Amino acid sequence: MKKISVKSPANIAFIKYWGQRDNKLILPYNDSFSMNLSGCTTRIEIETTDDPSLRKLYIREYKSTDFRESEGKTLDMIIKFADTAKRFLGKRRSPGFIIRSENTFPKKAGIASSASFFSALALGFSRMYESEPEEKELSILARLSGSGSACRSIPDGFVWWQKGTGSSSSYAYSLAPPAYWDLRDVVLILSREEKKVGSQEGHQSAITSNLYKERLYGLKKRMRLIRRAFENKEFSLFGRLVEADTVSMHSVMMTQNHGLFYWSGKTLDVIREILALRQKGTEGYFSIDAGENVHVICRGKDEGRIAGYFKTHPAVIDIIRNSPSVGARIIHT
Ligand code: DP6
């Protein structure tokens, strides 16, 4: 019997991952670029048992007091991932396990809760199998969980996921540690409803959008520019590119087969406020994943003003403030 505890962050992508060229190996069509989030983390504890048939998952939901047993799709994904990890790490036998998981933020609301959860599992399962793979291997393993963006929660700080030419070259690495740039992500929670269509399903249809080819073509330039803006810490240019990428991804989402409309009226209201604040000199830029909640990317000096401004906004039910964070970590074995 062993107990392994891991803490891992969600991440916000500045250049988004949308569309898979291989849905078994979870290979993306494009590179993506993200920042790990200090305030949106998942903590898991894995307790191993000698009975390999015992595999349980307990989840404590955001702001809930107790752990509840979870079955169905999430448990199935975990069991499958434990098997993937076993093969990936070259192990033969699998112990049983009981997993307890808790989040500091609502899951399935466009804050990449599966990224923090599956990156934590990738590290936790490695230890369960008594392996200590290097960061690159761990990132590949996290990607193979099915939640591709989980691979970006393994390295520290500001992270680049190279699409690679195959499974062994599609992994994420750190471009800079958390302290490199005092960026913040003020997450405006507009709803705690779970999204109805998961990303995995959405990725499959991305290519059916007429705008998808254009997105991939435009990304070449955007990626070059954002790398330069990041290196030179040119925040205004950086922010404009972040917004452009969000709009580009959501245009694809809306125009792909069975169009995905993640934005709500509240999302648009908040976007307009962010633009208006900018006119008045408080520089924040929006970024939105597969959900209606809005991330405001800003610098440390403006974080308080932006969070303060939205605190009393009628559409905002909660605010989570994030600084750049380290990646997945063992907290106790
Ligand atoms: C829209 O397949 O990694 O967040 O497993 O649901 O977290 P989940 O999603 P995943 O795709 C996420 C795509 C995205 C953009 C991004 O984070 O790059």
# chains A, B, ... in the order shown; residues from 1 in each chain; ligands from 1
>>> residues_around(residues="Met128 of chain A", least_positions_apart="4", cutoff="8 Å", atoms="only C-alpha atoms", output="number ranges by chain")
A: 2, 4, 46, 48, 124
>>> write_last_selection(atoms="all heavy atoms", output="short mmCIF file (atom, residue, chain, number, x, y, z; two decimals), in the first residue's frame")
data_model
loop_
_atom_site.label_atom_id
_atom_site.label_comp_id
_atom_site.auth_asym_id
_atom_site.auth_seq_id
_atom_site.Cartn_x
_atom_site.Cartn_y
_atom_site.Cartn_z
N LYS A 2 0.52 2.14 -0.87
CA LYS A 2 1.30 3.36 -1.02
C LYS A 2 0.34 4.53 -1.16
O LYS A 2 -0.77 4.36 -1.67
CB LYS A 2 2.08 3.23 -2.33
CG LYS A 2 3.49 3.67 -2.22
CD LYS A 2 4.32 3.60 -3.47
CE LYS A 2 3.85 2.83 -4.65
NZ LYS A 2 4.77 2.74 -5.74
N ILE A 4 0.25 8.43 -2.78
CA ILE A 4 0.97 9.41 -3.59
C ILE A 4 0.08 10.64 -3.75
O ILE A 4 -1.09 10.51 -4.13
CB ILE A 4 1.24 8.84 -5.01
CG1 ILE A 4 2.01 7.51 -4.91
CG2 ILE A 4 1.99 9.84 -5.88
CD1 ILE A 4 1.69 6.55 -6.02
N ILE A 46 -3.45 9.25 -4.64
CA ILE A 46 -3.65 7.87 -5.12
C ILE A 46 -3.22 6.93 -4.00
O ILE A 46 -2.09 7.00 -3.52
CB ILE A 46 -2.78 7.57 -6.37
CG1 ILE A 46 -3.09 8.57 -7.49
CG2 ILE A 46 -3.02 6.14 -6.86
CD1 ILE A 46 -2.24 8.38 -8.75
N THR A 48 -2.71 3.02 -3.33
CA THR A 48 -2.66 1.76 -4.07
C THR A 48 -3.11 0.60 -3.17
O THR A 48 -2.99 0.67 -1.94
CB THR A 48 -1.25 1.46 -4.59
OG1 THR A 48 -0.37 1.34 -3.48
CG2 THR A 48 -0.76 2.55 -5.52
N GLY A 124 1.15 11.01 -11.02
CA GLY A 124 0.78 10.08 -9.94
C GLY A 124 0.90 8.63 -10.38
O GLY A 124 1.45 7.79 -9.65
#
>>> closest_atom_pairs(of="chain A", to="ligand 1", cutoff="7 Å", atoms="only C-alpha atoms and all ligand atoms", output="JSON lines")
{"residue": "A:Ile12", "atom": "CA", "partner": "ligand 1", "partner_atom_place_in_ligand_line": "17 (O)", "distance": 6.0}
{"residue": "A:Ala13", "atom": "CA", "partner": "ligand 1", "partner_atom_place_in_ligand_line": "18 (O)", "distance": 4.9}
{"residue": "A:Ile15", "atom": "CA", "partner": "ligand 1", "partner_atom_place_in_ligand_line": "18 (O)", "distance": 6.7}
{"residue": "A:Lys16", "atom": "CA", "partner": "ligand 1", "partner_atom_place_in_ligand_line": "18 (O)", "distance": 3.7}
{"residue": "A:Tyr17", "atom": "CA", "partner": "ligand 1", "partner_atom_place_in_ligand_line": "18 (O)", "distance": 3.6}
{"residue": "A:Trp18", "atom": "CA", "partner": "ligand 1", "partner_atom_place_in_ligand_line": "13 (C)", "distance": 5.6}
{"residue": "A:Ser32", "atom": "CA", "partner": "ligand 1", "partner_atom_place_in_ligand_line": "18 (O)", "distance": 6.3}
{"residue": "A:Lys108", "atom": "CA", "partner": "ligand 1", "partner_atom_place_in_ligand_line": "6 (O)", "distance": 7.0}
{"residue": "A:Gly110", "atom": "CA", "partner": "ligand 1", "partner_atom_place_in_ligand_line": "4 (O)", "distance": 6.4}
{"residue": "A:Ala112", "atom": "CA", "partner": "ligand 1", "partner_atom_place_in_ligand_line": "7 (O)", "distance": 4.1}
{"residue": "A:Ser113", "atom": "CA", "partner": "ligand 1", "partner_atom_place_in_ligand_line": "7 (O)", "distance": 5.9}
{"residue": "A:Ser114", "atom": "CA", "partner": "ligand 1", "partner_atom_place_in_ligand_line": "7 (O)", "distance": 4.5}
{"residue": "A:Ala115", "atom": "CA", "partner": "ligand 1", "partner_atom_place_in_ligand_line": "7 (O)", "distance": 5.0}
{"residue": "A:Gly146", "atom": "CA", "partner": "ligand 1", "partner_atom_place_in_ligand_line": "5 (O)", "distance": 6.6}
{"residue": "A:Ser147", "atom": "CA", "partner": "ligand 1", "partner_atom_place_in_ligand_line": "5 (O)", "distance": 3.6}
{"residue": "A:Gly148", "atom": "CA", "partner": "ligand 1", "partner_atom_place_in_ligand_line": "3 (O)", "distance": 4.0}
{"residue": "A:Ser149", "atom": "CA", "partner": "ligand 1", "partner_atom_place_in_ligand_line": "3 (O)", "distance": 3.6}
{"residue": "A:Ala150", "atom": "CA", "partner": "ligand 1", "partner_atom_place_in_ligand_line": "3 (O)", "distance": 6.1}
{"residue": "A:Gly198", "atom": "CA", "partner": "ligand 1", "partner_atom_place_in_ligand_line": "6 (O)", "distance": 5.7}
{"residue": "A:Ser199", "atom": "CA", "partner": "ligand 1", "partner_atom_place_in_ligand_line": "6 (O)", "distance": 4.5}
{"residue": "A:Gln200", "atom": "CA", "partner": "ligand 1", "partner_atom_place_in_ligand_line": "2 (O)", "distance": 5.0}
{"residue": "A:Asp289", "atom": "CA", "partner": "ligand 1", "partner_atom_place_in_ligand_line": "1 (C)", "distance": 4.3}
{"residue": "A:Ala290", "atom": "CA", "partner": "ligand 1", "partner_atom_place_in_ligand_line": "1 (C)", "distance": 4.6}
>>> write_last_selection(atoms="all heavy atoms", output="short mmCIF file (atom, residue, chain, number, x, y, z; two decimals), in the first residue's frame")
data_model
loop_
_atom_site.label_atom_id
_atom_site.label_comp_id
_atom_site.auth_asym_id
_atom_site.auth_seq_id
_atom_site.Cartn_x
_atom_site.Cartn_y
_atom_site.Cartn_z
N ILE A 12 -3.89 28.24 -19.21
CA ILE A 12 -4.65 29.01 -20.20
C ILE A 12 -3.78 29.14 -21.44
O ILE A 12 -2.61 29.51 -21.34
CB ILE A 12 -5.07 30.41 -19.65
CG1 ILE A 12 -5.85 31.20 -20.71
CG2 ILE A 12 -3.87 31.25 -19.18
CD1 ILE A 12 -7.21 30.63 -21.02
N ALA A 13 -4.38 28.80 -22.58
CA ALA A 13 -3.58 28.86 -23.82
C ALA A 13 -3.69 30.24 -24.46
O ALA A 13 -4.78 30.79 -24.59
CB ALA A 13 -4.08 27.80 -24.79
N ILE A 15 -2.07 30.67 -27.47
CA ILE A 15 -2.32 30.12 -28.81
C ILE A 15 -3.00 28.78 -28.54
O ILE A 15 -2.44 27.92 -27.86
CB ILE A 15 -1.00 29.89 -29.60
CG1 ILE A 15 -0.27 31.22 -29.87
CG2 ILE A 15 -1.28 29.15 -30.91
CD1 ILE A 15 -0.95 32.14 -30.87
N LYS A 16 -4.21 28.63 -29.05
CA LYS A 16 -5.04 27.51 -28.66
C LYS A 16 -4.79 26.25 -29.49
O LYS A 16 -4.42 26.32 -30.65
CB LYS A 16 -6.52 27.87 -28.82
CG LYS A 16 -6.93 29.19 -28.22
CD LYS A 16 -7.12 29.09 -26.74
CE LYS A 16 -7.74 30.35 -26.16
NZ LYS A 16 -7.70 30.35 -24.70
N TYR A 17 -5.10 25.15 -28.84
CA TYR A 17 -5.09 23.84 -29.50
C TYR A 17 -6.53 23.51 -29.84
O TYR A 17 -7.37 23.40 -28.96
CB TYR A 17 -4.46 22.85 -28.51
CG TYR A 17 -4.97 21.43 -28.51
CD1 TYR A 17 -5.00 20.66 -29.68
CD2 TYR A 17 -5.38 20.83 -27.32
CE1 TYR A 17 -5.45 19.33 -29.64
CE2 TYR A 17 -5.83 19.52 -27.26
CZ TYR A 17 -5.87 18.78 -28.44
OH TYR A 17 -6.30 17.48 -28.39
N TRP A 18 -6.81 23.39 -31.11
CA TRP A 18 -8.18 23.01 -31.51
C TRP A 18 -8.09 22.19 -32.79
O TRP A 18 -7.65 22.67 -33.82
CB TRP A 18 -9.08 24.24 -31.71
CG TRP A 18 -10.52 23.84 -31.81
CD1 TRP A 18 -11.33 23.97 -32.90
CD2 TRP A 18 -11.32 23.24 -30.78
NE1 TRP A 18 -12.58 23.47 -32.61
CE2 TRP A 18 -12.60 23.02 -31.31
CE3 TRP A 18 -11.07 22.86 -29.45
CZ2 TRP A 18 -13.63 22.43 -30.58
CZ3 TRP A 18 -12.08 22.27 -28.72
CH2 TRP A 18 -13.35 22.07 -29.29
N SER A 32 0.80 24.84 -29.65
CA SER A 32 0.05 25.77 -28.79
C SER A 32 0.97 26.28 -27.68
O SER A 32 2.05 25.72 -27.45
CB SER A 32 -1.23 25.13 -28.25
OG SER A 32 -0.97 23.89 -27.64
N LYS A 108 -15.07 21.47 -15.95
CA LYS A 108 -15.80 21.47 -17.22
C LYS A 108 -16.50 22.79 -17.51
O LYS A 108 -17.64 22.82 -17.96
CB LYS A 108 -16.81 20.32 -17.25
CG LYS A 108 -16.12 18.98 -17.23
CD LYS A 108 -17.06 17.86 -17.46
CE LYS A 108 -16.30 16.53 -17.46
NZ LYS A 108 -17.13 15.40 -17.15
N GLY A 110 -14.61 25.35 -19.10
CA GLY A 110 -13.67 26.09 -19.94
C GLY A 110 -12.47 26.58 -19.16
O GLY A 110 -11.84 27.56 -19.52
N ALA A 112 -10.06 24.21 -18.40
CA ALA A 112 -9.16 23.08 -18.56
C ALA A 112 -9.01 22.24 -17.29
O ALA A 112 -7.91 21.94 -16.87
CB ALA A 112 -7.80 23.55 -19.04
N SER A 113 -10.14 21.89 -16.66
CA SER A 113 -10.03 21.08 -15.45
C SER A 113 -9.45 19.72 -15.78
O SER A 113 -8.76 19.10 -14.98
CB SER A 113 -11.39 20.91 -14.79
OG SER A 113 -12.30 20.34 -15.69
N SER A 114 -9.70 19.22 -17.00
CA SER A 114 -9.13 17.92 -17.31
C SER A 114 -7.62 18.03 -17.49
O SER A 114 -6.91 17.06 -17.27
CB SER A 114 -9.81 17.27 -18.51
OG SER A 114 -10.07 18.21 -19.49
N ALA A 115 -7.12 19.21 -17.86
CA ALA A 115 -5.67 19.36 -18.00
C ALA A 115 -4.98 19.19 -16.65
O ALA A 115 -3.99 18.47 -16.52
CB ALA A 115 -5.33 20.72 -18.61
N GLY A 146 -5.76 11.63 -23.30
CA GLY A 146 -6.97 12.01 -24.05
C GLY A 146 -7.21 13.51 -23.93
O GLY A 146 -7.75 14.13 -24.82
N SER A 147 -6.78 14.08 -22.81
CA SER A 147 -6.86 15.53 -22.64
C SER A 147 -5.52 16.09 -23.11
O SER A 147 -4.57 16.17 -22.33
CB SER A 147 -7.11 15.87 -21.17
OG SER A 147 -6.91 17.24 -20.97
N GLY A 148 -5.46 16.48 -24.38
CA GLY A 148 -4.18 16.91 -24.95
C GLY A 148 -3.55 18.04 -24.17
O GLY A 148 -2.33 18.04 -23.91
N SER A 149 -4.37 19.01 -23.75
CA SER A 149 -3.80 20.19 -23.08
C SER A 149 -3.15 19.82 -21.75
O SER A 149 -2.40 20.62 -21.18
CB SER A 149 -4.87 21.26 -22.87
OG SER A 149 -5.98 20.71 -22.19
N ALA A 150 -3.39 18.60 -21.24
CA ALA A 150 -2.74 18.15 -20.00
C ALA A 150 -1.22 18.12 -20.16
O ALA A 150 -0.48 18.33 -19.19
CB ALA A 150 -3.26 16.77 -19.60
N GLY A 198 -18.09 18.08 -25.07
CA GLY A 198 -16.72 18.06 -24.59
C GLY A 198 -15.74 18.38 -25.72
O GLY A 198 -16.07 18.27 -26.90
N SER A 199 -14.52 18.79 -25.32
CA SER A 199 -13.53 19.17 -26.33
C SER A 199 -13.18 18.01 -27.25
O SER A 199 -13.00 18.19 -28.45
CB SER A 199 -12.25 19.65 -25.65
OG SER A 199 -12.54 20.69 -24.77
N GLN A 200 -13.12 16.80 -26.67
CA GLN A 200 -12.70 15.65 -27.47
C GLN A 200 -13.61 15.49 -28.70
O GLN A 200 -13.13 15.25 -29.80
CB GLN A 200 -12.73 14.39 -26.58
CG GLN A 200 -12.06 13.17 -27.17
CD GLN A 200 -10.62 13.43 -27.65
OE1 GLN A 200 -9.95 14.35 -27.21
NE2 GLN A 200 -10.15 12.62 -28.58
N ASP A 289 -11.85 29.63 -23.45
CA ASP A 289 -11.71 28.25 -23.90
C ASP A 289 -13.07 27.67 -24.23
O ASP A 289 -13.97 28.39 -24.60
CB ASP A 289 -10.95 27.44 -22.84
CG ASP A 289 -9.44 27.71 -22.91
OD1 ASP A 289 -9.00 28.23 -23.95
OD2 ASP A 289 -8.73 27.41 -21.95
N ALA A 290 -13.23 26.36 -24.03
CA ALA A 290 -14.49 25.73 -24.41
C ALA A 290 -15.53 25.88 -23.30
O ALA A 290 -15.89 24.92 -22.62
CB ALA A 290 -14.25 24.26 -24.74
#
>>> closest_residue(among="A:Arg272, A:Arg100, A:Lys233, A:Lys80", to="Glu61 of chain A", atoms="only C-alpha atoms")
A:Arg100
>>> select_by_dssp(residues="segment 110-321 of chain A", states="helix (DSSP H, G or I)", output="ChimeraX atom specification")
/A:113-128,135-143,148-153,167-169,178-180,199-208,212-232,235-255,265-279,300-311
>>> residues_around(residues="Glu303 of chain A", least_positions_apart="5", cutoff="8 Å", atoms="only C-alpha atoms", output="PyMOL selection string")
chain A and resi 184+186+298
>>> residues_around(residues="Tyr180 of chain A", least_positions_apart="4", cutoff="10 Å", atoms="only C-alpha atoms", output="ChimeraX atom specification")
/A:157-158,175-176,230-231,233,324
>>> write_last_selection(atoms="N, CA and C atoms", output="PDB file, in the first residue's frame")
ATOM      1  N   GLY A 157       5.707  27.094 -15.664  1.00  0.00           N
ATOM      2  CA  GLY A 157       5.552  28.461 -16.156  1.00  0.00           C
ATOM      3  C   GLY A 157       4.883  28.614 -17.500  1.00  0.00           C
ATOM      4  N   PHE A 158       5.654  29.162 -18.453  1.00  0.00           N
ATOM      5  CA  PHE A 158       5.158  29.445 -19.803  1.00  0.00           C
ATOM      6  C   PHE A 158       5.592  28.286 -20.697  1.00  0.00           C
ATOM      7  N   LEU A 175       9.082  27.404 -21.895  1.00  0.00           N
ATOM      8  CA  LEU A 175       9.796  28.477 -22.601  1.00  0.00           C
ATOM      9  C   LEU A 175      10.458  29.390 -21.582  1.00  0.00           C
ATOM     10  N   ALA A 176       9.813  29.530 -20.415  1.00  0.00           N
ATOM     11  CA  ALA A 176      10.345  30.401 -19.361  1.00  0.00           C
ATOM     12  C   ALA A 176       9.689  30.020 -18.036  1.00  0.00           C
ATOM     13  N   PHE A 230       6.617  37.833 -26.667  1.00  0.00           N
ATOM     14  CA  PHE A 230       6.916  37.204 -25.372  1.00  0.00           C
ATOM     15  C   PHE A 230       8.385  37.447 -25.006  1.00  0.00           C
ATOM     16  N   GLU A 231       9.255  37.250 -25.978  1.00  0.00           N
ATOM     17  CA  GLU A 231      10.691  37.458 -25.707  1.00  0.00           C
ATOM     18  C   GLU A 231      10.979  38.905 -25.318  1.00  0.00           C
ATOM     19  N   LYS A 233       8.749  41.013 -24.123  1.00  0.00           N
ATOM     20  CA  LYS A 233       7.742  41.439 -23.134  1.00  0.00           C
ATOM     21  C   LYS A 233       6.957  42.653 -23.635  1.00  0.00           C
ATOM     22  N   PRO A 324       1.500  33.161 -12.941  1.00  0.00           N
ATOM     23  CA  PRO A 324       2.134  32.002 -13.585  1.00  0.00           C
ATOM     24  C   PRO A 324       2.593  31.006 -12.521  1.00  0.00           C
TER      25      PRO A 324
END
>>> residues_around(residues="Leu75 of chain A", least_positions_apart="6", cutoff="12 Å", atoms="only C-alpha atoms", output="list in words")
Leu54, Arg55, Lys56, Leu57, Tyr58, Ile59, Glu69, Phe81, Ala82, Phe97, Ile98, Ile99, Arg100 and Ser101 of chain A
>>> write_last_selection(atoms="all heavy atoms", output="short mmCIF file (atom, residue, chain, number, x, y, z; two decimals), in the first residue's frame")
data_model
loop_
_atom_site.label_atom_id
_atom_site.label_comp_id
_atom_site.auth_asym_id
_atom_site.auth_seq_id
_atom_site.Cartn_x
_atom_site.Cartn_y
_atom_site.Cartn_z
N LEU A 54 -9.70 -3.48 -7.74
CA LEU A 54 -10.29 -2.37 -6.99
C LEU A 54 -9.81 -1.04 -7.60
O LEU A 54 -8.64 -0.65 -7.48
CB LEU A 54 -9.86 -2.45 -5.52
CG LEU A 54 -10.50 -1.40 -4.61
CD1 LEU A 54 -11.94 -1.77 -4.29
CD2 LEU A 54 -9.71 -1.23 -3.34
N ARG A 55 -10.71 -0.34 -8.29
CA ARG A 55 -10.34 0.94 -8.90
C ARG A 55 -11.47 1.92 -8.68
O ARG A 55 -12.54 1.77 -9.25
CB ARG A 55 -10.05 0.74 -10.38
CG ARG A 55 -8.75 -0.04 -10.55
CD ARG A 55 -8.44 -0.38 -11.95
NE ARG A 55 -9.38 -1.31 -12.53
CZ ARG A 55 -9.13 -1.98 -13.66
NH1 ARG A 55 -8.00 -1.80 -14.29
NH2 ARG A 55 -10.02 -2.80 -14.14
N LYS A 56 -11.20 2.86 -7.79
CA LYS A 56 -12.28 3.77 -7.41
C LYS A 56 -11.82 5.22 -7.52
O LYS A 56 -10.63 5.53 -7.39
CB LYS A 56 -12.72 3.49 -5.97
CG LYS A 56 -13.54 2.21 -5.86
CD LYS A 56 -14.13 2.10 -4.47
CE LYS A 56 -14.97 0.85 -4.31
NZ LYS A 56 -16.16 0.85 -5.15
N LEU A 57 -12.81 6.07 -7.71
CA LEU A 57 -12.52 7.50 -7.81
C LEU A 57 -13.51 8.27 -6.94
O LEU A 57 -14.73 8.04 -7.01
CB LEU A 57 -12.68 7.96 -9.27
CG LEU A 57 -12.66 9.47 -9.53
CD1 LEU A 57 -11.28 10.06 -9.25
CD2 LEU A 57 -13.06 9.79 -10.98
N TYR A 58 -12.97 9.15 -6.10
CA TYR A 58 -13.82 10.03 -5.29
C TYR A 58 -13.46 11.46 -5.64
O TYR A 58 -12.28 11.81 -5.68
CB TYR A 58 -13.59 9.79 -3.79
CG TYR A 58 -14.01 8.42 -3.36
CD1 TYR A 58 -13.12 7.35 -3.42
CD2 TYR A 58 -15.31 8.18 -2.89
CE1 TYR A 58 -13.51 6.07 -3.04
CE2 TYR A 58 -15.70 6.91 -2.51
CZ TYR A 58 -14.80 5.86 -2.58
OH TYR A 58 -15.20 4.60 -2.21
N ILE A 59 -14.48 12.27 -5.88
CA ILE A 59 -14.22 13.66 -6.26
C ILE A 59 -14.88 14.59 -5.26
O ILE A 59 -16.04 14.40 -4.87
CB ILE A 59 -14.77 13.96 -7.67
CG1 ILE A 59 -14.00 13.14 -8.71
CG2 ILE A 59 -14.67 15.45 -8.02
CD1 ILE A 59 -14.45 13.34 -10.14
N GLU A 69 -18.30 9.41 -4.52
CA GLU A 69 -17.78 8.42 -5.46
C GLU A 69 -18.24 8.76 -6.88
O GLU A 69 -19.38 9.15 -7.09
CB GLU A 69 -18.27 7.01 -5.08
CG GLU A 69 -17.60 5.99 -5.97
CD GLU A 69 -17.74 4.56 -5.47
OE1 GLU A 69 -18.36 4.34 -4.41
OE2 GLU A 69 -17.23 3.67 -6.18
N PHE A 81 -6.57 5.07 -18.80
CA PHE A 81 -5.30 5.81 -18.72
C PHE A 81 -4.28 5.05 -17.85
O PHE A 81 -3.07 5.05 -18.16
CB PHE A 81 -5.55 7.22 -18.18
CG PHE A 81 -4.32 8.10 -18.20
CD1 PHE A 81 -3.43 8.06 -19.28
CD2 PHE A 81 -4.04 8.96 -17.15
CE1 PHE A 81 -2.29 8.87 -19.31
CE2 PHE A 81 -2.91 9.77 -17.17
CZ PHE A 81 -2.04 9.71 -18.25
N ALA A 82 -4.76 4.37 -16.80
CA ALA A 82 -3.84 3.58 -15.96
C ALA A 82 -3.20 2.49 -16.82
O ALA A 82 -2.00 2.18 -16.68
CB ALA A 82 -4.60 2.97 -14.78
N PHE A 97 -6.30 0.81 -7.21
CA PHE A 97 -6.09 2.16 -6.69
C PHE A 97 -7.39 2.83 -6.29
O PHE A 97 -8.45 2.56 -6.85
CB PHE A 97 -5.34 3.03 -7.71
CG PHE A 97 -5.94 3.04 -9.09
CD1 PHE A 97 -7.05 3.82 -9.37
CD2 PHE A 97 -5.38 2.27 -10.11
CE1 PHE A 97 -7.60 3.84 -10.65
CE2 PHE A 97 -5.93 2.28 -11.39
CZ PHE A 97 -7.04 3.07 -11.66
N ILE A 98 -7.24 3.69 -5.31
CA ILE A 98 -8.36 4.57 -4.92
C ILE A 98 -7.84 5.99 -5.10
O ILE A 98 -6.79 6.34 -4.55
CB ILE A 98 -8.74 4.34 -3.44
CG1 ILE A 98 -9.17 2.88 -3.26
CG2 ILE A 98 -9.86 5.28 -3.01
CD1 ILE A 98 -9.21 2.43 -1.82
N ILE A 99 -8.56 6.76 -5.89
CA ILE A 99 -8.11 8.14 -6.17
C ILE A 99 -9.07 9.12 -5.53
O ILE A 99 -10.29 8.98 -5.67
CB ILE A 99 -8.02 8.38 -7.69
CG1 ILE A 99 -6.99 7.44 -8.31
CG2 ILE A 99 -7.67 9.83 -8.00
CD1 ILE A 99 -6.99 7.45 -9.82
N ARG A 100 -8.50 10.09 -4.84
CA ARG A 100 -9.32 11.20 -4.33
C ARG A 100 -8.85 12.46 -5.04
O ARG A 100 -7.65 12.72 -5.09
CB ARG A 100 -9.16 11.36 -2.82
CG ARG A 100 -9.91 10.29 -2.06
CD ARG A 100 -9.81 10.42 -0.56
NE ARG A 100 -10.18 9.14 0.02
CZ ARG A 100 -9.37 8.09 0.13
NH1 ARG A 100 -8.12 8.17 -0.28
NH2 ARG A 100 -9.80 6.95 0.64
N SER A 101 -9.80 13.20 -5.57
CA SER A 101 -9.42 14.39 -6.36
C SER A 101 -10.23 15.60 -5.93
O SER A 101 -11.43 15.50 -5.67
CB SER A 101 -9.70 14.07 -7.84
OG SER A 101 -9.65 15.25 -8.60
#
>>> select_by_dssp(residues="segment 54-166 of chain A", states="strand (DSSP E or B)", output="MDAnalysis selection string")
chainID A and resid 55:60 68:69 96:103 158:161
>>> residues_around(residues="Arg329 of chain A", least_positions_apart="6", cutoff="9 Å", atoms="only C-alpha atoms", output="PDB file with N, CA and C atoms, in the first residue's frame")
ATOM      1  N   SER A   5       0.633  11.802  -3.441  1.00  0.00           N
ATOM      2  CA  SER A   5      -0.165  13.026  -3.621  1.00  0.00           C
ATOM      3  C   SER A   5       0.482  13.925  -4.658  1.00  0.00           C
ATOM      4  N   VAL A   6      -0.335  14.460  -5.519  1.00  0.00           N
ATOM      5  CA  VAL A   6       0.174  15.308  -6.602  1.00  0.00           C
ATOM      6  C   VAL A   6      -0.697  16.555  -6.708  1.00  0.00           C
ATOM      7  N   LYS A   7      -0.046  17.664  -7.019  1.00  0.00           N
ATOM      8  CA  LYS A   7      -0.801  18.891  -7.282  1.00  0.00           C
ATOM      9  C   LYS A   7      -0.423  19.364  -8.678  1.00  0.00           C
ATOM     10  N   SER A   8      -1.414  19.725  -9.459  1.00  0.00           N
ATOM     11  CA  SER A   8      -1.094  20.172 -10.814  1.00  0.00           C
ATOM     12  C   SER A   8      -2.018  21.314 -11.239  1.00  0.00           C
ATOM     13  N   ALA A 120      -1.950  15.655 -13.381  1.00  0.00           N
ATOM     14  CA  ALA A 120      -1.687  15.139 -12.031  1.00  0.00           C
ATOM     15  C   ALA A 120      -1.675  13.611 -12.056  1.00  0.00           C
ATOM     16  N   LEU A 123       1.580  12.098 -13.567  1.00  0.00           N
ATOM     17  CA  LEU A 123       2.680  12.051 -12.604  1.00  0.00           C
ATOM     18  C   LEU A 123       2.386  11.019 -11.499  1.00  0.00           C
ATOM     19  N   ILE A 154       2.543  19.931 -17.386  1.00  0.00           N
ATOM     20  CA  ILE A 154       3.685  19.226 -16.765  1.00  0.00           C
ATOM     21  C   ILE A 154       4.893  20.174 -16.562  1.00  0.00           C
TER      22      ILE A 154
END
>>> atom_distance(atom1="atom CA of Arg305 of chain A", atom2="atom CA of Arg278 of chain A")
11.8 Å
>>> closest_residue(among="A:Val252, A:Leu188, A:Leu219, A:Ala307", to="Ile271 of chain A", atoms="only C-alpha atoms")
A:Leu188
>>> closest_residue(among="A:Phe14, A:Val326, A:Leu121, A:Tyr129", to="Arg222 of chain A", atoms="only C-alpha atoms")
A:Phe14
>>> residues_around(residues="Phe238 of chain A", least_positions_apart="5", cutoff="10 Å", atoms="only C-alpha atoms", output="number ranges by chain")
A: 14, 222, 225-230, 232-233, 243-244, 285, 297
